$ cat structure38.pdb   # PDB, C-alpha atoms
ATOM      1  CA  MET M   1       0.000   0.000   0.000
ATOM      2  CA  ARG M   2       2.807   2.422   0.855
ATOM      3  CA  ARG M   3       4.344   1.863  -2.574
ATOM      4  CA  ILE M   4       1.031   2.830  -4.257
ATOM      5  CA  LEU M   5       0.831   6.041  -2.213
ATOM      6  CA  THR M   6       4.400   6.876  -3.101
ATOM      7  CA  ARG M   7       3.689   6.253  -6.780
ATOM      8  CA  SER M   8       0.523   8.374  -6.593
ATOM      9  CA  ARG M   9       2.401  11.208  -4.898
ATOM     10  CA  ARG M  10       5.091  11.018  -7.546
ATOM     11  CA  ARG M  11       2.484  11.250 -10.311
ATOM     12  CA  LEU M  12       0.798  14.173  -8.587
ATOM     13  CA  LEU M  13       4.123  15.942  -8.199
ATOM     14  CA  LEU M  14       4.993  15.320 -11.847
ATOM     15  CA  ALA M  15       1.633  16.806 -12.844
ATOM     16  CA  ILE M  16       1.939  19.831 -10.529
ATOM     17  CA  LEU M  17       5.559  20.787 -11.296
ATOM     18  CA  PRO M  18       5.008  21.826 -14.934
ATOM     19  CA  ILE M  19       1.880  23.750 -13.942
ATOM     20  CA  GLY M  20       3.791  25.509 -11.145
ATOM     21  CA  PHE M  21       6.652  26.308 -13.512
ATOM     22  CA  LEU M  22       4.342  27.730 -16.175
ATOM     23  CA  LEU M  23       2.420  29.707 -13.571
ATOM     24  CA  GLY M  24       5.702  31.023 -12.175
ATOM     25  CA  ARG M  25       6.869  32.118 -15.622
ATOM     26  CA  LEU M  26       3.525  33.804 -16.236
ATOM     27  CA  ILE M  27       2.965  35.663 -12.937
ATOM     28  CA  GLY M  28       6.407  35.503 -11.303
ATOM     29  CA  PHE M  29       7.979  32.766  -9.229
ATOM     30  CA  TRP M  30       8.023  35.048  -6.208
ATOM     31  CA  ARG M  31       4.210  35.226  -6.319
ATOM     32  CA  VAL M  32       3.900  31.440  -6.482
ATOM     33  CA  ARG M  33       6.394  31.065  -3.626
ATOM     34  CA  LEU M  34       4.548  33.719  -1.594
ATOM     35  CA  ALA M  35       1.170  31.992  -2.084
ATOM     36  CA  VAL M  36       2.600  28.576  -1.192
ATOM     37  CA  GLY M  37       4.427  30.023   1.828
ATOM     38  CA  ARG M  38       1.247  31.647   3.111
ATOM     39  CA  LEU M  39      -0.679  28.397   2.694
ATOM     40  CA  LEU M  40       2.016  26.371   4.447
ATOM     41  CA  ALA M  41       2.124  28.894   7.306
ATOM     42  CA  LEU M  42      -1.525  28.069   8.043
ATOM     43  CA  LEU M  43      -0.693  24.431   8.746
ATOM     44  CA  PRO M  44       0.455  23.252  12.165
ATOM     45  CA  ASP M  45       4.227  22.656  12.152
ATOM     46  CA  GLU M  46       3.782  18.982  13.036
ATOM     47  CA  ASP M  47       1.769  18.464   9.826
ATOM     48  CA  VAL M  48       4.412  19.978   7.554
ATOM     49  CA  PRO M  49       7.660  18.224   6.578
ATOM     50  CA  ASP M  50      10.781  20.125   7.680
ATOM     51  CA  HIS M  51      11.866  20.977   4.120
ATOM     52  CA  VAL M  52       8.633  22.878   3.378
ATOM     53  CA  ARG M  53       8.036  24.457   6.792
ATOM     54  CA  VAL M  54       7.927  28.272   6.858
ATOM     55  CA  LEU M  55      10.905  29.448   8.910
ATOM     56  CA  PRO M  56      12.018  32.800  10.285
ATOM     57  CA  PRO M  57      15.223  34.037   8.651
ATOM     58  CA  PRO M  58      18.223  33.746  10.985
ATOM     59  CA  ALA M  59      18.764  37.092  12.740
ATOM     60  CA  ASP M  60      22.431  37.243  11.718
ATOM     61  CA  GLU M  61      21.433  37.236   8.032
ATOM     62  CA  TYR M  62      19.869  40.714   8.207
ATOM     63  CA  ALA M  63      21.934  42.816   5.783
ATOM     64  CA  GLY M  64      20.001  46.087   5.708
ATOM     65  CA  THR M  65      17.283  47.965   3.876
ATOM     66  CA  LEU M  66      17.266  49.219   0.308
ATOM     67  CA  PRO M  67      15.378  52.446  -0.503
ATOM     68  CA  THR M  68      13.645  50.726  -3.437
ATOM     69  CA  THR M  69      10.356  48.845  -3.424
ATOM     70  CA  PRO M  70      10.425  45.047  -3.557
ATOM     71  CA  ALA M  71       9.142  45.212  -7.153
ATOM     72  CA  GLU M  72      11.969  47.564  -8.188
ATOM     73  CA  THR M  73      14.509  45.459  -6.319
ATOM     74  CA  ARG M  74      13.326  42.225  -7.972
ATOM     75  CA  GLU M  75      13.487  43.914 -11.377
ATOM     76  CA  ARG M  76      17.004  45.282 -10.877
ATOM     77  CA  LEU M  77      18.762  42.401  -9.109
ATOM     78  CA  PRO M  78      19.391  40.541 -12.405
ATOM     79  CA  GLU M  79      21.362  43.612 -13.560
ATOM     80  CA  CYS M  80      23.595  42.988 -10.503
ATOM     81  CA  GLY M  81      24.258  39.381 -11.526
ATOM     82  CA  PHE M  82      21.507  37.728  -9.465
ATOM     83  CA  SER M  83      18.951  35.233 -10.692
ATOM     84  CA  GLU M  84      15.657  34.325  -9.108
ATOM     85  CA  LEU M  85      15.832  31.267  -6.892
ATOM     86  CA  VAL M  86      12.737  29.125  -7.134
ATOM     87  CA  ARG M  87      13.788  26.198  -4.963
ATOM     88  CA  ALA M  88      14.548  27.474  -1.468
ATOM     89  CA  TYR M  89      13.106  27.283   2.019
ATOM     90  CA  PHE M  90      10.082  29.491   2.701
ATOM     91  CA  HIS M  91      10.661  32.346   5.148
ATOM     92  CA  ALA M  92       8.467  34.666   7.170
ATOM     93  CA  TYR M  93       8.837  36.394  10.502
ATOM     94  CA  ASP M  94       6.812  38.346  13.008
ATOM     95  CA  ARG M  95       7.203  42.127  12.847
ATOM     96  CA  ASP M  96       5.139  44.080  15.355
ATOM     97  CA  GLY M  97       2.514  41.353  15.614
ATOM     98  CA  GLU M  98       2.173  40.775  11.866
ATOM     99  CA  THR M  99       3.654  37.997   9.778
ATOM    100  CA  VAL M 100       5.892  39.323   7.018
ATOM    101  CA  HIS M 101       6.554  36.849   4.205
ATOM    102  CA  GLU M 102       9.525  36.794   1.880
ATOM    103  CA  VAL M 103       8.759  38.448  -1.488
ATOM    104  CA  GLY M 104      11.868  37.420  -3.369
ATOM    105  CA  SER M 105      14.672  34.892  -3.226
ATOM    106  CA  PHE M 106      17.731  35.514  -5.400
ATOM    107  CA  VAL M 107      21.143  33.978  -5.843
ATOM    108  CA  HIS M 108      24.471  35.131  -7.247
ATOM    109  CA  ARG M 109      26.993  32.435  -8.160
ATOM    110  CA  PRO M 110      30.385  34.085  -8.832
ATOM    111  CA  GLU M 111      31.609  31.039 -10.792
ATOM    112  CA  GLY M 112      28.322  30.395 -12.618
ATOM    113  CA  LEU M 113      25.661  27.726 -12.252
ATOM    114  CA  THR M 114      28.214  24.998 -11.583
ATOM    115  CA  GLY M 115      30.368  27.027  -9.211
ATOM    116  CA  ASP M 116      30.871  25.761  -5.674
ATOM    117  CA  TRP M 117      29.534  28.815  -3.824
ATOM    118  CA  GLN M 118      26.672  31.302  -3.897
ATOM    119  CA  VAL M 119      25.324  34.411  -2.218
ATOM    120  CA  HIS M 120      21.651  33.908  -1.387
ATOM    121  CA  VAL M 121      19.528  36.981  -0.671
ATOM    122  CA  ARG M 122      15.945  37.118   0.508
ATOM    123  CA  LEU M 123      13.716  40.164   0.178
ATOM    124  CA  PHE M 124      11.051  41.287   2.639
ATOM    125  CA  PRO M 125       8.743  44.303   2.284
ATOM    126  CA  THR M 126       8.840  47.075   4.881
ATOM    127  CA  ALA M 127       5.944  49.166   6.128
ATOM    128  CA  ASP M 128       7.249  52.231   4.268
ATOM    129  CA  GLY M 129       7.552  50.411   0.913
ATOM    130  CA  SER M 130      11.303  49.801   0.918
ATOM    131  CA  THR M 131      12.993  46.391   0.914
ATOM    132  CA  GLU M 132      14.785  44.475   3.642
ATOM    133  CA  VAL M 133      17.635  42.289   2.433
ATOM    134  CA  TRP M 134      18.720  39.171   4.308
ATOM    135  CA  ALA M 135      21.824  37.416   2.958
ATOM    136  CA  HIS M 136      24.206  34.528   3.478
ATOM    137  CA  TRP M 137      27.096  32.787   1.708
ATOM    138  CA  GLU M 138      26.684  29.052   1.202
ATOM    139  CA  ARG M 139      27.542  26.025  -0.882
ATOM    140  CA  ASN M 140      25.746  25.705  -4.208
ATOM    141  CA  PRO M 141      23.099  22.969  -3.754
ATOM    142  CA  TYR M 142      23.422  21.933  -7.410
ATOM    143  CA  VAL M 143      27.106  21.126  -6.922
ATOM    144  CA  ALA M 144      27.233  20.053  -3.268
ATOM    145  CA  PRO M 145      23.697  19.189  -2.103
ATOM    146  CA  LEU M 146      24.689  17.433   1.114
ATOM    147  CA  ALA M 147      27.225  20.085   2.097
ATOM    148  CA  HIS M 148      24.541  22.690   1.401
ATOM    149  CA  LEU M 149      22.025  20.929   3.653
ATOM    150  CA  ARG M 150      24.659  20.429   6.385
ATOM    151  CA  MET M 151      25.392  24.180   6.105
ATOM    152  CA  GLU M 152      29.108  23.585   5.543
ATOM    153  CA  GLY M 153      30.717  26.956   4.875
ATOM    154  CA  TYR M 154      27.518  28.855   5.693
ATOM    155  CA  ASP M 155      28.541  32.447   6.447
ATOM    156  CA  PRO M 156      26.003  35.260   6.949
ATOM    157  CA  ALA M 157      28.683  37.947   7.451
ATOM    158  CA  ARG M 158      30.363  37.126   4.138
ATOM    159  CA  GLY M 159      26.962  36.961   2.432
ATOM    160  CA  GLU M 160      26.116  40.406   3.768
ATOM    161  CA  ARG M 161      29.432  41.860   2.563
ATOM    162  CA  MET M 162      29.147  40.298  -0.880
ATOM    163  CA  ALA M 163      25.492  41.294  -1.279
ATOM    164  CA  ALA M 164      26.390  44.885  -0.324
ATOM    165  CA  GLU M 165      29.216  44.943  -2.897
ATOM    166  CA  LEU M 166      27.059  43.448  -5.663
ATOM    167  CA  ILE M 167      23.959  45.510  -4.959
ATOM    168  CA  ASP M 168      25.787  48.782  -4.108
ATOM    169  CA  GLY M 169      23.389  51.470  -5.346
ATOM    170  CA  LEU M 170      21.377  48.652  -6.953
ATOM    171  CA  CYS M 171      23.804  48.455  -9.835
TER     172      CYS M 171
END
$ encode --input "structure38.pdb" --output "structure tokens"
Amino acid sequence: MRRILTRSRRRLLLAILPIGFLLGRLIGFWRVRLAVGRLLALLPDEDVPDHVRVLPPPADEYAGTLPTTPAETRERLPECGFSELVRAYFHAYDRDGETVHEVGSFVHRPEGLTGDWQVHVRLFPTADGSTEVWAHWERNPYVAPLAHLRMEGYDPARGERMAAELIDGLC
């Protein structure tokens, strides 16, 4: 019976993935991620597998605030060498009694897609319309998936420095 459920889940996933990808291309991956993150946040933590649980960003990843809106920031980050990251943990945190969800996840890989390392930045909206940036340096999950999950080489301070250098004045 377990094998049938696994096979059914696999089929469902294979059917949903192309739809999610097409929807993401049409309306923006950040919107799809935001909607999924909000839905997952409604579920009790014990009902959600660890890899899809909505987590608060680690406090030491806070890199600062940009004077641009999240929409402007998302539009301009590719000019700074960043690409949108679709596959990443969902993040949200409590700010003054309200849950603030991530509205963008971007990555810069200095050595390209197959490079060993990456700077990962997350964007959060502020009450005044500007954009909070949270950043860290980490292993590239496409090259070193286990090292990435074990957080080998994870460095928020380096991520903050590199993000600041790359985004300086938003390119």
$ residues_around --input "structure38.pdb" --residues "Arg33 of chain M" --least-positions-apart "4" --cutoff "9 Å" --atoms "only C-alpha atoms" --output "list in words"
Gly24, Gly28, Phe29, Gly37, Arg38, Val86, Arg87, Phe90, Glu102, Val103 and Gly104 of chain M
$ resolve_selection --input "structure38.pdb" --expression "the PyMOL selection byres ((chain M and resi 161) around 12)" --output "number ranges by chain"
M: 61-64, 119-121, 133-137, 155-160, 162-168
$ residues_around --input "structure38.pdb" --residues "Thr131 of chain M" --least-positions-apart "5" --cutoff "8 Å" --atoms "all atoms listed in the file" --output "list in words"
Thr65, Leu66, Pro67, Thr68, Thr69, Pro70, Thr73, Leu123, Phe124, Pro125 and Thr126 of chain M
$ closest_residue --input "structure38.pdb" --among "M:Val143, M:Ala59, M:Val100, M:Leu39" --to "Gly115 of chain M" --atoms "all atoms listed in the file"
M:Val143
$ closest_residue --input "structure38.pdb" --among "M:Arg109, M:Arg25, M:Arg31, M:Arg53" --to "Ala71 of chain M" --atoms "only C-alpha atoms"
M:Arg31
$ closest_residue --input "structure38.pdb" --among "M:Thr99, M:Leu77, M:Ile27, M:Gly129" --to "Leu42 of chain M" --atoms "all atoms listed in the file"
M:Thr99
$ atom_distance --input "structure38.pdb" --atom1 "atom CA of Gly97 of chain M" --atom2 "atom CA of Asp45 of chain M"
19.1 Å
$ atom_distance --input "structure38.pdb" --atom1 "atom CA of Glu138 of chain M" --atom2 "atom CA of Met151 of chain M"
7.0 Å
$ atom_distance --input "structure38.pdb" --atom1 "atom CA of Ala92 of chain M" --atom2 "atom CA of Pro58 of chain M"
10.5 Å
$ closest_residue --input "structure38.pdb" --among "M:Phe106, M:Tyr89, M:Tyr142, M:Trp117" --to "Val36 of chain M" --atoms "only C-alpha atoms"
M:Tyr89
$ axis_aligned_box --input "structure38.pdb" --around "segment 136-152 of chain M" --padding-each-side "3 Å" --output "lines of an AutoDock Vina configuration file"
center_x = 25.6
center_y = 26.0
center_z = -0.5
size_x = 13.1
size_y = 23.1
size_z = 19.8
$ closest_residue --input "structure38.pdb" --among "M:Leu22, M:Leu55, M:Ala127, M:Cys80" --to "Asp96 of chain M" --atoms "all atoms listed in the file"
M:Ala127
$ closest_residue --input "structure38.pdb" --among "M:Asp128, M:Ala147, M:Arg139, M:Val48" --to "Leu113 of chain M" --atoms "only C-alpha atoms"
M:Arg139
$ build_atoms --input "structure38.pdb" --residues "segment 32-48 of chain M" --atoms "N, CA, C and O atoms" --output "mmCIF file, in the coordinates of the input"
data_model
loop_
_atom_site.group_PDB
_atom_site.id
_atom_site.type_symbol
_atom_site.label_atom_id
_atom_site.label_comp_id
_atom_site.auth_asym_id
_atom_site.auth_seq_id
_atom_site.Cartn_x
_atom_site.Cartn_y
_atom_site.Cartn_z
ATOM 1 N N VAL M 32 4.234 32.843 -6.753
ATOM 2 C CA VAL M 32 3.900 31.440 -6.482
ATOM 3 C C VAL M 32 4.488 31.035 -5.133
ATOM 4 O O VAL M 32 3.809 30.438 -4.299
ATOM 5 N N ARG M 33 5.759 31.392 -4.899
ATOM 6 C CA ARG M 33 6.394 31.065 -3.626
ATOM 7 C C ARG M 33 5.672 31.747 -2.459
ATOM 8 O O ARG M 33 5.487 31.149 -1.403
ATOM 9 N N LEU M 34 5.257 32.993 -2.647
ATOM 10 C CA LEU M 34 4.548 33.719 -1.594
ATOM 11 C C LEU M 34 3.226 33.029 -1.270
ATOM 12 O O LEU M 34 2.887 32.827 -0.100
ATOM 13 N N ALA M 35 2.460 32.665 -2.294
ATOM 14 C CA ALA M 35 1.170 31.992 -2.084
ATOM 15 C C ALA M 35 1.359 30.655 -1.374
ATOM 16 O O ALA M 35 0.648 30.339 -0.412
ATOM 17 N N VAL M 36 2.340 29.871 -1.824
ATOM 18 C CA VAL M 36 2.600 28.576 -1.192
ATOM 19 C C VAL M 36 3.070 28.775 0.250
ATOM 20 O O VAL M 36 2.620 28.076 1.166
ATOM 21 N N GLY M 37 3.950 29.742 0.475
ATOM 22 C CA GLY M 37 4.427 30.023 1.828
ATOM 23 C C GLY M 37 3.296 30.418 2.761
ATOM 24 O O GLY M 37 3.237 29.981 3.914
ATOM 25 N N ARG M 38 2.392 31.239 2.281
ATOM 26 C CA ARG M 38 1.247 31.647 3.111
ATOM 27 C C ARG M 38 0.350 30.463 3.428
ATOM 28 O O ARG M 38 -0.165 30.346 4.544
ATOM 29 N N LEU M 39 0.141 29.592 2.448
ATOM 30 C CA LEU M 39 -0.679 28.397 2.694
ATOM 31 C C LEU M 39 0.001 27.467 3.706
ATOM 32 O O LEU M 39 -0.642 26.973 4.628
ATOM 33 N N LEU M 40 1.289 27.248 3.524
ATOM 34 C CA LEU M 40 2.016 26.371 4.447
ATOM 35 C C LEU M 40 2.043 26.931 5.861
ATOM 36 O O LEU M 40 2.009 26.183 6.838
ATOM 37 N N ALA M 41 2.089 28.253 5.984
ATOM 38 C CA ALA M 41 2.124 28.894 7.306
ATOM 39 C C ALA M 41 0.832 28.651 8.078
ATOM 40 O O ALA M 41 0.821 28.739 9.308
ATOM 41 N N LEU M 42 -0.253 28.335 7.382
ATOM 42 C CA LEU M 42 -1.525 28.069 8.043
ATOM 43 C C LEU M 42 -1.573 26.689 8.683
ATOM 44 O O LEU M 42 -2.406 26.442 9.558
ATOM 45 N N LEU M 43 -0.695 25.803 8.230
ATOM 46 C CA LEU M 43 -0.693 24.431 8.746
ATOM 47 C C LEU M 43 0.104 24.336 10.049
ATOM 48 O O LEU M 43 1.117 25.020 10.199
ATOM 49 N N PRO M 44 -0.342 23.474 10.955
ATOM 50 C CA PRO M 44 0.455 23.252 12.165
ATOM 51 C C PRO M 44 1.818 22.664 11.795
ATOM 52 O O PRO M 44 1.912 21.829 10.886
ATOM 53 N N ASP M 45 2.866 23.108 12.479
ATOM 54 C CA ASP M 45 4.227 22.656 12.152
ATOM 55 C C ASP M 45 4.359 21.140 12.114
ATOM 56 O O ASP M 45 5.081 20.599 11.285
ATOM 57 N N GLU M 46 3.644 20.447 12.999
ATOM 58 C CA GLU M 46 3.782 18.982 13.036
ATOM 59 C C GLU M 46 3.194 18.310 11.796
ATOM 60 O O GLU M 46 3.492 17.159 11.505
ATOM 61 N N ASP M 47 2.359 19.024 11.040
ATOM 62 C CA ASP M 47 1.769 18.464 9.826
ATOM 63 C C ASP M 47 2.576 18.765 8.570
ATOM 64 O O ASP M 47 2.226 18.325 7.489
ATOM 65 N N VAL M 48 3.642 19.543 8.717
ATOM 66 C CA VAL M 48 4.412 19.978 7.554
ATOM 67 C C VAL M 48 5.825 19.399 7.630
ATOM 68 O O VAL M 48 6.496 19.548 8.655
#
